[in-house]
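Shown next, in structure tokens, is the structure this report addresses.
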Amino acid sequence: MTALAPAAPRAGGGSRPLAGTGTLLRLALRRDRVLLPVWVLVLGTVVVSGAGSIDALYGTRAQRAEIAVSMTANSSLRSLYGPVFGDSTGALVAWRFGVFAAVLAAVMSLVVVVRHTREEEETGRQELLSAAMVGRRAPLTAALLAALTGNAALALAVTAGLAGRGAGSALALGLAVGLTGMVFATTAAIAAQLTESARLAKGLTAAVLGAAFVLRAAGDAGRDDGGSPLTWLSPVGWAENVRAFAGDRWWVLLLPAAAVLVQGLAAYELTGRRDVGMSFLPARPGPAEGRLATAGGLAWRLQRGSLTGWTLGFLVAGLVFGGMVEGAADLVGDNERAREVFERMGGAQALTDAFLGALLGLFGMIASLYAVGSVLRLHGEETSQRAEPVLANAVGRLRWAAGHLVIAFAGSALLLLAAGLGMYLSYGRDPGAVLGAAAVQLPAVWFLGALAVLLHGAAPRAAVAAWGVAGLSVAISWVGPALDLPQAVLDLSPFGHLPKLPGADMAWQPVLVLLAGTALLVAAGLAGLRRRDLVTA
């Protein structure tokens with residue numbers, strides 16, 4: 001239902017719209033005491049450690065200048081990372097990690113804001129809190145302040161970690177990343193007023209973020225100076241055009257600051273014009289004749305939109321990455337250190353095969369995040385109390401869970417198939433080798449999804465830890481080769497045990513071990529689900 005008229009003042013808040021903000025902020029930070037530090041630590045470490053990796057790969061100014069020219073000349077790489085604006089180590093760090101750090105800061109921010117606004121209303125907790133001395137705009141203020149805390153900590157970590165390479169430029173990069181996060185925090189605040197569910201609010205904000213990334217990518221693909229109008233239409237493009245360590249355009253930071261102010265004011269206006277639990281966009285009625293006769297049909301209805309979006313994203317990314325494979329040798333050149341990194345990620349075979357294997361490994365890591373999120377949809381259905389009405393009918397717990405698990409595991413296979421197909425279409429060679437290298441990532445993806453099943457079934461209150469396990473595995477496999485971590489550390493990730501296809505011989509033993517482990521973890525998780533009580537909060 002839509003509620004456009006201003007609601008009557010609540011007894012608790014009265015004429016003090018920000019009453020209780022401090023208490024709600026402390027509550028939000030307590031609930032996020034693991035989430036925010038992990039995000040900040042991982043993102044900050046990736047950005048700061050990138051400087052050491054670049055120094056190891058390109059130790060001389062001539063090498064850095066050469067890589068800067070070659071990267072900027074490649075339109076596919078420009079669309080992915082943006083143009084290189086300088087040949088210092090700091091400039092290469094800003095080029096390689098700045099855009100992705102800004103995007104991930106935006107993801108962190110939208111999760112935090114939606115969690116403490118629309119999700120609180122959806123579960124009914126906000127209505128209980130509002131009965132006390134809590135002002136109308138206090139929950140939104142506390143959520144934005146929690147996001148600000150995370151983004152400020154991330155900006156400080158980046159600044160402190162790179163200050164030795166130029167304190168002013170390090171601060172510019174840190175502010176560019178943090179302000180981008182706050183732009184999408186306020187976007188999420190608006191989405192939380194417009195939609196009726198936390199899932200829709202996250203999806204809408206993520207769609208805006210995706211559109212911003214695509215705009216920047218399209219603009220940078222067409223121009224090598226960051227000056228495309230499409231790039232300037234994107235908040236992600238603003239972060240790029242700060243040009244940290246390459247001139248430091250401080251005035252560009254006024255754009256995200258203005259966006260935060262305008263969107264924040266809009267969110268405050270909207271939250272004052274609706275009732276708790278209501279939304280400005282009414283829910284669409286379902287079909288006149290229901291087609292959700294099975295638990296699997298319900299799971300498909302709930303997750304089809306997400307799976308469709310992920311699949312299209314993997315297909316497009318595969319098309320983009322596939323165009324880079326042929327030029328892998330030119331990108332690496334005579335740099336033996338860069339060659340070693342690709343060989344550790346993709347295998348010690350021909351450089352083109354190693355580069356292709358490394359890219360498909362990256363797709364596998366991202367697909368594991370989809371698998372974990374899809375499995376944990378079960379946890380969300382429980383905690384929001386939507387599972388109880390389903391299980392009250394002639395639907396057993398295993399049938400209910402199986403519907404979501406089929407989508408999680410089959411969906412991750414579909415994602416890798418889409419990525420492999422996209423890479424083949426743009427690379428244009430040996431479809432069997434490309435699709436096989438994509439398929440070999442599945443055992444590791446499914447193993448991480450199975451860990452999420454185990455946690456949800458046996459220890460539901462710790463189910464969110466599945467994100468931490470998946471994130472750690474991705475970080476080890478992604479950053480580990482560049483940091484020259486010992487093989488024992490790389491083996492902590494299931495991706496470290498996969499055969500390095502294409503080019504290398506197929507090794508069945510680690511694949512079968514991971515598949516057997518997946519089956520055991522899923523079985524243990526489902527056994528735990530059958531025996532325990534449902535989680536209601």
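Every chain in the structure tokens has a letter given in the order shown (A, B, ...), and although residue numbers restart at 1 in each chain, ligands are simply numbered from 1 in the order shown.
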
Hey, what's within 10 Å of Ala519 of chain A if we count only C-alpha atoms and toss same-chain stuff fewer than 4 positions away? As a PyMOL selection string, please? chain A and resi 446-447+450+513-515+523-525

Residues within 12 Å of Ala463 of chain A, only C-alpha atoms, excluding chain neighbours under 5 positions, as a ChimeraX atom specification: /A:372-373,375-380,382-383,449-458,468-470,525,535

Using only C-alpha atoms, which of A:Leu129, A:Leu270, A:Leu43, A:Val214 sits nearest Ala19 of chain A? A:Leu129

Shell around Leu200 of chain A at 12 Å using only C-alpha atoms, local window under 2 positions removed, as a PyMOL selection string: chain A and resi 110-111+114+118-119+122+188+190-198+202-207+279+281-283+302-303+305-306

Convert the current residue selection to file output with N, CA, C and O atoms, as a short mmCIF file (atom, residue, chain, number, x, y, z; two decimals), in the first residue's frame.
data_model
loop_
_atom_site.label_atom_id
_atom_site.label_comp_id
_atom_site.auth_asym_id
_atom_site.auth_seq_id
_atom_site.Cartn_x
_atom_site.Cartn_y
_atom_site.Cartn_z
N LEU A 110 25.23 0.20 0.60
CA LEU A 110 23.82 -0.11 0.36
C LEU A 110 23.35 -1.23 1.29
O LEU A 110 22.20 -1.23 1.75
N VAL A 111 24.24 -2.20 1.58
CA VAL A 111 23.87 -3.28 2.50
C VAL A 111 23.60 -2.73 3.88
O VAL A 111 22.60 -3.08 4.54
N VAL A 114 20.24 -0.34 3.92
CA VAL A 114 18.99 -1.11 3.79
C VAL A 114 18.78 -1.98 5.01
O VAL A 114 17.64 -2.16 5.48
N ARG A 118 14.86 -0.35 5.77
CA ARG A 118 13.75 -1.14 5.26
C ARG A 118 13.70 -2.54 5.87
O ARG A 118 12.62 -3.06 6.13
N GLU A 119 14.85 -3.15 6.10
CA GLU A 119 14.84 -4.49 6.69
C GLU A 119 14.28 -4.47 8.11
O GLU A 119 13.55 -5.39 8.51
N GLU A 122 10.57 -4.21 7.67
CA GLU A 122 10.00 -5.43 7.11
C GLU A 122 9.83 -6.51 8.18
O GLU A 122 8.85 -7.27 8.16
N ALA A 188 20.53 4.20 -1.60
CA ALA A 188 19.84 3.12 -0.90
C ALA A 188 18.80 3.68 0.07
O ALA A 188 17.73 3.08 0.27
N ILE A 190 16.98 6.33 -0.37
CA ILE A 190 15.80 6.66 -1.18
C ILE A 190 15.07 5.38 -1.57
O ILE A 190 13.83 5.30 -1.48
N ALA A 191 15.82 4.36 -2.01
CA ALA A 191 15.19 3.11 -2.41
C ALA A 191 14.43 2.47 -1.26
O ALA A 191 13.38 1.85 -1.46
N ALA A 192 14.95 2.63 -0.04
CA ALA A 192 14.26 2.06 1.12
C ALA A 192 12.92 2.73 1.38
O ALA A 192 12.02 2.12 1.99
N GLN A 193 12.75 3.97 0.94
CA GLN A 193 11.45 4.64 1.09
C GLN A 193 10.50 4.24 -0.04
O GLN A 193 9.28 4.23 0.15
N LEU A 194 11.04 3.92 -1.19
CA LEU A 194 10.20 3.65 -2.36
C LEU A 194 9.65 2.24 -2.39
O LEU A 194 8.54 2.02 -2.87
N THR A 195 10.42 1.26 -1.90
CA THR A 195 10.06 -0.14 -2.06
C THR A 195 9.51 -0.72 -0.77
O THR A 195 9.72 -0.18 0.32
N GLU A 196 8.84 -1.85 -0.90
CA GLU A 196 8.20 -2.47 0.25
C GLU A 196 9.05 -3.53 0.93
O GLU A 196 8.69 -4.03 1.98
N SER A 197 10.16 -3.93 0.34
CA SER A 197 10.98 -4.98 0.93
C SER A 197 12.46 -4.63 0.83
O SER A 197 12.88 -3.87 -0.05
N ALA A 198 13.23 -5.22 1.74
CA ALA A 198 14.67 -5.00 1.72
C ALA A 198 15.29 -5.56 0.44
O ALA A 198 16.22 -4.99 -0.12
N LYS A 202 17.55 -3.31 -2.08
CA LYS A 202 18.92 -3.66 -2.47
C LYS A 202 19.03 -3.83 -3.98
O LYS A 202 20.00 -3.40 -4.60
N GLY A 203 18.02 -4.50 -4.57
CA GLY A 203 18.06 -4.72 -6.00
C GLY A 203 18.01 -3.43 -6.80
O GLY A 203 18.73 -3.27 -7.79
N LEU A 204 17.17 -2.49 -6.36
CA LEU A 204 17.06 -1.22 -7.06
C LEU A 204 18.36 -0.43 -6.96
O LEU A 204 18.84 0.14 -7.95
N THR A 205 18.95 -0.40 -5.76
CA THR A 205 20.21 0.32 -5.60
C THR A 205 21.33 -0.35 -6.39
O THR A 205 22.17 0.33 -7.01
N ALA A 206 21.34 -1.68 -6.37
CA ALA A 206 22.36 -2.40 -7.14
C ALA A 206 22.20 -2.13 -8.64
O ALA A 206 23.20 -2.04 -9.37
N ALA A 207 20.95 -2.01 -9.09
CA ALA A 207 20.73 -1.70 -10.51
C ALA A 207 21.28 -0.32 -10.86
O ALA A 207 21.88 -0.12 -11.93
N SER A 279 5.26 1.97 1.70
CA SER A 279 6.19 2.33 0.63
C SER A 279 5.48 3.19 -0.39
O SER A 279 4.25 3.18 -0.48
N LEU A 281 6.03 2.87 -3.69
CA LEU A 281 5.73 2.01 -4.84
C LEU A 281 4.93 0.82 -4.35
O LEU A 281 5.46 -0.03 -3.63
N PRO A 282 3.66 0.72 -4.72
CA PRO A 282 2.83 -0.37 -4.22
C PRO A 282 3.27 -1.71 -4.79
O PRO A 282 3.84 -1.80 -5.88
N ALA A 283 3.02 -2.76 -4.03
CA ALA A 283 3.35 -4.10 -4.49
C ALA A 283 2.44 -4.49 -5.65
O ALA A 283 1.25 -4.18 -5.66
N LEU A 302 11.02 -16.54 -6.40
CA LEU A 302 11.74 -15.61 -5.54
C LEU A 302 13.12 -15.25 -6.08
O LEU A 302 13.61 -14.14 -5.86
N GLN A 303 13.75 -16.17 -6.81
CA GLN A 303 15.14 -15.96 -7.19
C GLN A 303 15.36 -15.77 -8.69
O GLN A 303 16.50 -15.55 -9.11
N GLY A 305 14.61 -13.33 -10.76
CA GLY A 305 15.12 -12.01 -11.14
C GLY A 305 16.60 -11.87 -10.87
O GLY A 305 17.37 -11.37 -11.71
N SER A 306 17.03 -12.33 -9.70
CA SER A 306 18.44 -12.27 -9.34
C SER A 306 19.27 -13.12 -10.29
O SER A 306 20.33 -12.67 -10.78
#

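Compared by their closest atoms to Thr117 of chain A, and using only C-alpha atoms, the residues A:Arg64, A:Arg397, A:Ala185, A:Gly174 rank with A:Ala185 nearest.
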
Using DSSP secondary structure from the backbone, list all helix (DSSP H, G or I) positions within segment 138-332 of chain A, as a ChimeraX atom specification. /A:138-165,167-194,198-222,229-232,235-241,250-271,295-325,328-332

Exercise: Leu35 of chain A partners within 12 Å, only C-alpha atoms, chain neighbours under 4 positions left out, as an mmCIF file with C-alpha atoms, in the first residue's frame:
data_model
loop_
_atom_site.group_PDB
_atom_site.id
_atom_site.type_symbol
_atom_site.label_atom_id
_atom_site.label_comp_id
_atom_site.auth_asym_id
_atom_site.auth_seq_id
_atom_site.Cartn_x
_atom_site.Cartn_y
_atom_site.Cartn_z
ATOM 1 C CA ALA A 28 23.556 -0.414 14.403
ATOM 2 C CA LEU A 29 27.312 -0.380 15.020
ATOM 3 C CA ARG A 30 26.956 -3.204 17.522
ATOM 4 C CA ARG A 31 25.061 -5.289 14.970
ATOM 5 C CA TRP A 39 34.685 -4.901 4.700
ATOM 6 C CA VAL A 40 37.092 -2.123 5.689
ATOM 7 C CA LEU A 41 39.971 -4.486 6.448
ATOM 8 C CA VAL A 42 39.639 -6.495 3.237
ATOM 9 C CA MET A 108 29.003 -2.138 1.553
ATOM 10 C CA SER A 109 27.034 1.081 1.968
ATOM 11 C CA VAL A 111 23.867 -3.284 2.495
ATOM 12 C CA VAL A 112 24.328 -1.281 5.706
ATOM 13 C CA ARG A 115 19.736 -3.388 6.726
ATOM 14 C CA ALA A 146 26.698 3.810 10.283
ATOM 15 C CA ALA A 147 27.483 3.855 6.551
ATOM 16 C CA GLY A 150 32.403 2.478 7.477
ATOM 17 C CA VAL A 464 26.226 -15.073 7.887
ATOM 18 C CA ALA A 465 29.757 -16.365 8.496
ATOM 19 C CA TRP A 467 30.063 -14.708 3.557
ATOM 20 C CA GLY A 468 33.289 -14.394 5.497
ATOM 21 C CA GLY A 471 35.217 -13.666 0.922
#

Quick one: which segment 24-116 of chain A residues come within 8 Å of segment 473-495 of chain A, and what is the nearest atom pair for each with the distance in Å to one decimal, counting only C-alpha atoms, rows ordered by chain and ascending number, as a Markdown table?
| residue | atom | partner | partner_atom | distance |
| --- | --- | --- | --- | --- |
| A:Val42 | CA | A:Ala475 | CA | 7.9 |
| A:Val46 | CA | A:Val479 | CA | 7.3 |
| A:Ser49 | CA | A:Leu483 | CA | 7.8 |
| A:Gly52 | CA | A:Leu483 | CA | 7.9 |
| A:Ser53 | CA | A:Ala482 | CA | 6.0 |

Counting only C-alpha atoms, what is within 8 Å of Met182 of chain A, bar same-chain residues fewer than 3 positions away, as a ChimeraX atom specification? /A:106,109,147-148,151,178-179,185-186,260
